[in-house]
Structures are given as C-alpha cells and as structure tokens.
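To be precise, the following lines are run.txt, and they hold compact mmCIF, C-alpha atoms.
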```txt
# COMPACT_ATOMS: atom_id res chain seq x y z
CA MET A 37 113.05 74.16 73.02
CA LYS A 38 110.66 73.08 75.75
CA LYS A 39 111.78 71.02 78.72
CA LEU A 40 109.76 67.92 79.48
CA ALA A 41 109.61 65.64 82.55
CA LEU A 42 107.93 62.25 82.80
CA ILE A 43 106.04 60.67 85.69
CA GLY A 44 105.86 56.97 84.91
CA CYS A 45 108.46 55.07 82.90
CA GLY A 46 106.41 52.36 81.25
CA ALA A 47 105.33 51.63 77.68
CA ILE A 48 103.97 55.04 76.69
CA ALA A 49 106.92 56.84 78.29
CA SER A 50 109.24 54.71 76.16
CA GLU A 51 107.36 55.78 73.03
CA ILE A 52 107.63 59.43 74.08
CA VAL A 53 111.39 59.20 74.62
CA GLU A 54 111.83 57.61 71.21
CA ALA A 55 109.75 60.40 69.62
CA VAL A 56 111.91 63.03 71.33
CA ASN A 57 115.10 61.36 70.11
CA GLN A 58 113.67 61.20 66.57
CA GLY A 59 112.85 64.90 66.64
CA VAL A 60 109.10 64.35 66.36
CA ILE A 61 108.65 66.03 69.74
CA GLU A 62 110.77 69.19 69.96
CA ALA A 63 111.76 68.91 73.60
CA GLU A 64 114.54 68.09 76.01
CA ILE A 65 113.77 65.52 78.70
CA THR A 66 114.88 66.80 82.10
CA ALA A 67 113.65 64.13 84.52
CA PHE A 68 112.08 60.72 85.01
CA MET A 69 110.15 59.56 88.05
CA ASP A 70 108.63 56.15 88.76
CA LEU A 71 107.77 53.97 91.75
CA ALA A 72 110.12 51.41 90.20
CA PRO A 73 113.39 53.35 89.68
CA GLU A 74 114.87 50.56 87.54
CA LYS A 75 112.41 51.54 84.81
CA CYS A 76 113.85 55.05 84.89
CA LEU A 77 117.38 53.67 84.48
CA ARG A 78 116.36 51.96 81.25
CA LEU A 79 114.93 55.18 79.82
CA GLN A 80 117.85 57.23 81.08
CA GLN A 81 120.08 55.26 78.72
CA LEU A 82 118.09 56.86 75.89
CA ALA A 83 118.12 60.32 77.51
CA PRO A 84 121.37 60.42 79.53
CA ARG A 85 121.06 64.10 80.46
CA ALA A 86 117.78 63.49 82.28
CA ARG A 87 117.74 63.21 86.05
CA ILE A 88 116.05 60.38 87.93
CA ALA A 89 113.87 62.11 90.52
CA ARG A 90 113.06 60.44 93.82
CA ASN A 91 110.04 62.65 94.44
CA ILE A 92 107.97 65.36 92.82
CA GLU A 93 110.06 68.19 94.27
CA GLU A 94 113.24 66.79 92.71
CA LEU A 95 111.41 66.50 89.40
CA LEU A 96 110.26 70.13 89.57
CA GLU A 97 113.81 71.24 90.46
CA THR A 98 114.78 70.37 86.87
CA ARG A 99 112.53 73.29 85.79
CA PRO A 100 110.38 71.54 83.18
CA ASP A 101 107.95 73.51 81.03
CA LEU A 102 105.72 70.47 80.78
CA VAL A 103 105.14 67.36 82.90
CA VAL A 104 103.62 64.23 81.38
CA GLU A 105 101.81 61.86 83.73
CA ALA A 106 102.00 58.35 82.26
CA ALA A 107 101.70 56.35 85.45
CA SER A 108 98.33 55.85 87.13
CA GLN A 109 95.24 57.56 88.47
CA GLU A 110 96.88 57.55 91.89
CA ALA A 111 99.83 59.48 90.48
CA VAL A 112 97.40 62.12 89.18
CA ARG A 113 95.79 62.39 92.61
CA GLN A 114 99.19 62.71 94.30
CA TYR A 115 101.08 65.01 91.94
CA ALA A 116 98.82 66.88 89.49
CA LEU A 117 97.91 69.76 91.78
CA ARG A 118 101.53 70.23 92.89
CA VAL A 119 102.68 70.44 89.27
CA VAL A 120 100.06 73.06 88.43
CA GLU A 121 100.82 75.01 91.63
CA ALA A 122 104.43 75.21 90.41
CA GLY A 123 103.21 76.94 87.25
CA VAL A 124 104.03 73.98 85.00
CA ASP A 125 101.82 72.69 82.19
CA LEU A 126 100.58 69.13 82.64
CA VAL A 127 99.52 66.28 80.35
CA VAL A 128 97.30 63.71 82.07
CA LEU A 129 97.07 60.26 80.52
CA SER A 130 95.31 58.57 83.45
CA ALA A 131 92.26 60.74 82.87
CA GLY A 132 90.02 58.59 85.04
CA ALA A 133 91.30 60.50 88.06
CA LEU A 134 89.74 63.68 86.65
CA LEU A 135 86.24 62.28 87.09
CA ASP A 136 86.77 63.13 90.75
CA LYS A 137 84.84 66.42 90.67
CA GLU A 138 86.69 67.89 93.64
CA LEU A 139 90.11 67.24 92.09
CA LEU A 140 88.98 68.55 88.70
CA GLU A 141 87.61 71.74 90.23
CA LYS A 142 90.84 72.35 92.17
CA LEU A 143 92.97 71.78 89.07
CA ASN A 144 90.79 74.07 86.97
CA ARG A 145 90.85 76.82 89.56
CA GLU A 146 94.60 76.63 90.12
CA ALA A 147 95.37 76.40 86.39
CA GLU A 148 93.25 79.44 85.59
CA GLN A 149 94.88 81.47 88.35
CA ARG A 150 98.40 80.59 87.17
CA GLY A 151 97.80 80.57 83.42
CA VAL A 152 98.69 76.90 83.21
CA HIS A 153 97.31 74.33 80.78
CA VAL A 154 96.20 70.81 81.73
CA TYR A 155 95.92 68.61 78.64
CA VAL A 156 94.12 65.28 78.23
CA PRO A 157 95.02 63.39 75.03
CA THR A 158 92.26 61.86 72.91
CA GLY A 159 93.90 58.51 73.60
CA ALA A 160 92.49 55.36 72.00
CA LEU A 161 89.36 57.14 70.73
CA ALA A 162 88.56 59.41 67.78
CA GLY A 163 86.29 62.38 67.27
CA LEU A 164 86.60 64.19 70.59
CA ASP A 165 86.85 67.48 68.69
CA ALA A 166 83.32 66.85 67.37
CA VAL A 167 82.10 65.84 70.82
CA ARG A 168 83.45 69.09 72.28
CA ALA A 169 81.66 71.01 69.55
CA LEU A 170 78.36 69.21 70.09
CA ARG A 171 78.24 70.11 73.76
CA ARG A 172 77.49 73.66 72.59
CA ALA A 173 74.27 72.35 71.06
CA GLY A 174 73.45 70.10 74.01
CA ILE A 175 74.13 66.37 74.18
CA ARG A 176 71.17 64.11 74.94
CA ARG A 177 72.92 60.73 74.95
CA LEU A 178 76.53 59.70 75.46
CA LEU A 179 77.51 56.02 75.32
CA LEU A 180 80.86 54.24 75.21
CA ARG A 181 80.95 50.51 74.52
CA THR A 182 84.40 49.00 75.01
CA VAL A 183 85.05 45.47 73.75
CA LYS A 184 88.39 43.84 74.45
CA PRO A 185 89.99 40.40 74.38
CA PRO A 186 89.47 38.73 77.78
CA LYS A 187 93.21 38.68 78.56
CA SER A 188 93.47 42.46 78.44
CA LEU A 189 90.59 42.69 80.94
CA GLY A 190 92.07 40.04 83.23
CA VAL A 191 89.31 37.44 82.76
CA GLU A 192 88.79 34.09 81.04
CA VAL A 193 85.54 33.62 79.14
CA ASN A 194 84.46 31.35 76.27
CA GLU A 195 81.83 33.72 74.87
CA PRO A 196 81.16 37.47 74.93
CA ARG A 197 80.34 38.67 78.41
CA VAL A 198 79.30 42.10 79.66
CA LEU A 199 81.53 42.81 82.64
CA TYR A 200 80.20 46.24 83.47
CA ARG A 201 77.37 48.58 82.57
CA GLY A 202 77.04 51.94 84.30
CA PRO A 203 78.51 55.43 84.73
CA ALA A 204 82.03 56.30 83.59
CA SER A 205 83.14 57.34 87.08
CA GLU A 206 82.58 53.83 88.40
CA ALA A 207 84.05 52.22 85.28
CA VAL A 208 87.38 54.02 85.70
CA ARG A 209 87.49 53.00 89.35
CA LEU A 210 86.89 49.32 88.59
CA TYR A 211 89.08 49.22 85.47
CA PRO A 212 91.69 51.95 86.06
CA PHE A 213 94.08 50.80 83.30
CA ASN A 214 91.52 49.88 80.65
CA VAL A 215 88.94 52.62 80.19
CA ASN A 216 90.58 56.00 80.71
CA VAL A 217 88.94 56.74 77.36
CA ALA A 218 85.62 56.89 79.25
CA ALA A 219 86.97 59.82 81.23
CA ALA A 220 88.34 61.61 78.16
CA LEU A 221 84.97 61.23 76.44
CA SER A 222 83.07 62.49 79.49
CA LEU A 223 85.36 65.49 79.91
CA ALA A 224 85.03 66.40 76.23
CA ALA A 225 81.23 66.16 76.40
CA GLY A 226 80.86 67.97 79.70
CA MET A 227 78.69 65.13 80.99
CA GLU A 228 79.28 61.64 82.31
CA ALA A 229 79.16 58.87 79.73
CA GLU A 230 77.34 55.60 80.16
CA VAL A 231 79.82 52.77 79.72
CA GLU A 232 79.61 49.13 78.75
CA ILE A 233 82.66 46.89 79.05
CA VAL A 234 82.59 43.58 77.20
CA ALA A 235 85.11 40.73 77.17
CA ASP A 236 84.95 38.95 73.81
CA PRO A 237 87.25 36.00 73.00
CA ARG A 238 86.43 36.29 69.29
CA ILE A 239 88.21 39.60 68.78
CA GLU A 240 91.88 40.51 68.67
CA ARG A 241 91.63 44.30 68.69
CA ASN A 242 90.62 46.65 71.47
CA THR A 243 87.37 48.16 70.17
CA HIS A 244 85.59 51.32 71.28
CA ILE A 245 82.17 52.36 70.00
CA VAL A 246 81.03 55.89 70.81
CA ILE A 247 77.44 57.05 70.32
CA VAL A 248 76.59 60.72 70.75
CA GLU A 249 73.16 62.22 70.15
CA SER A 250 72.37 65.93 70.11
CA LYS A 251 70.03 68.24 68.26
CA ALA A 252 72.92 69.22 65.98
CA SER A 253 74.15 65.77 65.01
CA ARG A 254 74.29 62.07 65.78
CA LEU A 255 77.72 60.47 65.91
CA GLU A 256 78.58 56.80 65.88
CA ILE A 257 82.32 56.23 65.96
CA ARG A 258 83.95 52.79 65.92
CA VAL A 259 87.66 52.43 66.60
CA GLU A 260 89.39 49.04 66.36
CA ASN A 261 92.83 49.37 67.88
CA VAL A 262 95.89 47.18 67.64
CA PRO A 263 97.20 46.51 71.17
CA SER A 264 100.48 48.15 72.05
CA PRO A 265 103.37 45.71 71.55
CA ARG A 266 104.84 47.01 74.80
CA ASN A 267 101.63 46.67 76.85
CA PRO A 268 98.63 44.67 75.52
CA ARG A 269 96.29 46.29 78.07
CA THR A 270 96.46 49.54 76.14
CA SER A 271 96.23 50.46 72.48
CA LEU A 272 99.03 51.63 70.23
CA LEU A 273 96.80 54.56 69.25
CA ALA A 274 96.89 55.81 72.86
CA ALA A 275 100.66 56.26 72.62
CA LEU A 276 100.44 57.80 69.15
CA SER A 277 97.76 60.22 70.35
CA THR A 278 99.98 61.38 73.19
CA ILE A 279 102.94 61.84 70.87
CA GLU A 280 100.82 63.90 68.47
CA LEU A 281 99.58 66.12 71.32
CA LEU A 282 103.15 66.67 72.53
CA ARG A 283 104.27 67.42 68.98
CA ARG A 284 101.62 70.14 68.73
CA ILE A 285 102.47 71.59 72.14
CA THR A 286 106.22 71.73 71.55
CA ARG A 287 106.47 72.73 67.88
CA SER A 288 107.54 76.28 67.14
CA GLY A 289 104.79 77.08 64.61
CA GLY A 290 102.95 76.07 61.46
CA VAL A 291 99.53 75.05 60.17
CA GLU A 292 97.45 72.84 62.50
CA VAL A 293 94.34 70.90 61.48
CA GLY A 294 91.51 70.04 63.86
CA SER A 295 89.75 72.03 66.55
```

What does the file become when written as structure tokens?
Amino acid sequence: MKKLALIGCGAIASEIVEAVNQGVIEAEITAFMDLAPEKCLRLQQLAPRARIARNIEELLETRPDLVVEAASQEAVRQYALRVVEAGVDLVVLSAGALLDKELLEKLNREAEQRGVHVYVPTGALAGLDAVRALRRAGIRRLLLRTVKPPKSLGVEVNEPRVLYRGPASEAVRLYPFNVNVAAALSLAAGMEAEVEIVADPRIERNTHIVIVESKASRLEIRVENVPSPRNPRTSLLAALSTIELLRRITRSGGVEVGS
C-alpha cells in the first residue's frame, strides 16, 4: 500500500481523506502540512496515524511514496522541487504555478533524472486526453472560456461582464484559485491557451468551454460544474478528478480506460 502525504488541508484534502478511509484510494496517509495547523488537526481526527508536519522536511521524514499539493501556487513554488529531489512522486493541483517555464523545466529535468512522476489532474475540465493526442497533429487554436457566478470570482455585477481576456499565464496569476484549469489545458496541449473569464449573475454553475482546432480534429467541450459544497470557488469535479487520479496511481492492478 502506498504512503501519501498532503500539503494543504482544505476542501479537496478533506475529500481525499474520506476517499482513503472508504478504500477508494488504496493508501495510508502519513502526514499533513498547512499554513493553518488547526486545519490539519481536523483532518488528523480522520487519519489519527498521520503526523502534522511543521515544514517540508518533517513531511518527507514520514517517507511518503506520493505527495499531493492541494494548497496554492505558492506552495508549488516553495515545495515541488524539494519533493521531487527527494525521489517522491508529486500530484500538483495548483497547476498555474507550472506555467512558470523555469520552474517547469527544473521539475521536468529533476523528475527525469530521478525517475519520479509529477501528475496534474484534469480538474474541472474534460477531454485532456484528446487534447494531448491532438498536439501530435499540431494545434492551431486553443481557447478556454470560463464563466462563473460573480461571487466565486469576488465581484458584484448585474449583467455578464468579461473580467479578463488574454494568455493563460496571466490569467492564473490574476485568478490563482479560479482558473488552474487554464494551466492544465495549456500543459496538455503543449502551448499556452487564450483565456476569457466572465462573471455572469444568471448562472449557478461554474462553466468551462474549451475550443481546440487542429488538422486532425476540432473539439468543443462544455462542462457545467456544480460548485463544491466545501468551497464554492472550486468545482466538485475538481475534487472527484483528483480522487480518480489517486485511485489509478495507488491501485494494485486492473483494466484502465482512457489514454
């Protein structure tokens, strides 16, 4: 059974702990780490054998096989390289940090040298397997349009308003907790997506529209997500996607569907 440690003890971490306790994820949780230790205490009640780490070295002392970052882009910048240098696989939820080309290159280089995997879940999107495949044929256009209720974007508007239009790298900097999907899409495509962010008071679901054009195919994917009951800024699908990735990583064997 794999050993798993968590950086960040918020909504998605809670879902992961529940999935471990239900046997969906075949793993033992060895450590929690968060800037707010009281959040770790709450999760430790569900995983009493796990240690609350005060820093990344204490977390790595628990000898995890896999570390899940579920905290922030800053946490990725601070800890991702250290985790990989320790020879530990890493799951990055705050994928916006990986649009920093220098950080991505360092992680890739270190991971290849040490035989380590760095995973990015599909998150609140769909179809990234097809996007990865299409990059082999060449992608001509890559667009993400994200439409969310104003509250989840931290604004008040009475009619639909475009808050941002531009490259994914700038979108994830301006909206670090809302559009990590833009980074996942860009990484899957091997090119930076154009992003539009719209606040719309008429909708209740977080909506992502992906348009991909290549000589092999044209994709138009629309995903209307129910907000997470634990955190309305993110989608329930983002947590479910992470759980499914962890299930696949930790399971002992069997048939898997999807590239």

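The two atoms in question, atom CA of A:Leu179 and atom CA of A:Pro203, are spaced 9.5 Å apart.
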
**Study point:** Residue contacts of A:Asn214 (7 Å, only C-alpha atoms) excluding same-chain residues fewer than 3 positions away, as a PyMOL selection string
**Key:** chain A and resi 211+269-270

Study note, to complete from the structure: Separating atom CA of A:Glu141 from atom CA of A:Ala220, to the nearest tenth of an Å, is a gap of 15.8 Å

Check your understanding: In Å, with one decimal, what is the gap from atom CA of A:Lys38 to atom CA of A:Glu64?
Key -> 6.3 Å

Set the distance at 8 Å and use only C-alpha atoms: which residues neighbour A:Ala47 once local chain neighbours fewer than 2 positions away are removed? I'd like the list as a short mmCIF file (atom, residue, chain, number, x, y, z; two decimals) with C-alpha atoms, keeping the file's coordinate frame.
```
data_model
loop_
_atom_site.label_atom_id
_atom_site.label_comp_id
_atom_site.auth_asym_id
_atom_site.auth_seq_id
_atom_site.Cartn_x
_atom_site.Cartn_y
_atom_site.Cartn_z
CA CYS A 45 108.46 55.07 82.90
CA ALA A 49 106.92 56.84 78.29
CA SER A 50 109.24 54.71 76.16
CA GLU A 51 107.36 55.78 73.03
CA ARG A 266 104.84 47.01 74.80
CA ASN A 267 101.63 46.67 76.85
#
```

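Using only C-alpha atoms, the set of residues no farther than 9 Å from the position (90.2, 59.8, 69.9) comprises Pro157, Thr158, Gly159, Ala160, Leu161, Ala162, Gly163, Leu164, Asp165, Val217, Ala220, Leu221, Val259, Leu273, Ala274 and Ser277 of chain A.
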
Check your understanding: Got a sec: who's within 8 Å of A:Leu95, counting all atoms listed in the file, leaving out chain neighbours fewer than 6 positions off, as number ranges by chain?
Key -> A: 41, 67-69, 87-89

**Study point:** Nearest to A:Ala72, chosen from A:Leu40, A:Val234, A:Ala107, A:Leu180, with only C-alpha atoms counted in the distances
**Key:**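 Once distances to A:Ala72 are computed over only C-alpha atoms, the minimum belongs to A:Ala107.
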
Review point. Which is closest to A:Leu42 among A:Leu77, A:Leu117, A:Val127, A:Ile175, if we use only C-alpha atoms?
Key: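 Among the listed residues, the smallest separation from A:Leu42 belongs to A:Val127.
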
Point to revise | Residue neighbourhood A:Arg287, 9 Å, all atoms listed in the file, exclusion window fewer than 2 positions, as an NGL selection string | key: :A and (37-38 or 60-63 or 282-285 or 289-290)

**Study point:** Protein, DNA and RNA residues within 9 Å of (104.8, 71.1, 92.8), only C-alpha atoms, as a list in words
**Key:** Ile92, Glu93, Leu95, Leu96, Tyr115, Ala116, Leu117, Arg118, Val119, Val120, Glu121, Ala122, Gly123 and Val124 of chain A

Revision key, fill the gap. Restricting to all atoms listed in the file, whichever of A:Gly46, A:Gly294, A:Gly174, A:Gly132 is closest to A:Ser205 is A:Gly132

Let me have the centre and edge lengths of the axis-aligned box enclosing all listed atoms of stretch 97-100 of chain A with 3 Å padding on every side, in Å to one decimal, as JSON.
```
{"center_x": 112.6, "center_y": 71.8, "center_z": 86.8, "size_x": 10.4, "size_y": 8.9, "size_z": 13.3}
```

Residues near A:Glu240, cut-off 7 Å, only C-alpha atoms, skip fewer than 2 positions along chain, as a PDB file with C-alpha atoms, keeping the file's coordinate frame:
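This is the output file around05.pdb:
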```pdb
ATOM      1  CA  PRO A 185      89.990  40.400  74.380  1.00  0.00           C
ATOM      2  CA  ARG A 238      86.430  36.290  69.290  1.00  0.00           C
ATOM      3  CA  ASN A 242      90.620  46.650  71.470  1.00  0.00           C
TER       4      ASN A 242
END
```

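Counting all atoms listed in the file and comparing A:Lys184, A:Arg90, A:Arg241, A:Arg209, the residue that lies closest to A:Arg197 is A:Lys184.
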
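Of the listed residues A:Arg181, A:Arg171, A:Arg145, A:Arg85, the one whose atoms come nearest to A:Glu256 is A:Arg181, with distances taken using all atoms listed in the file.
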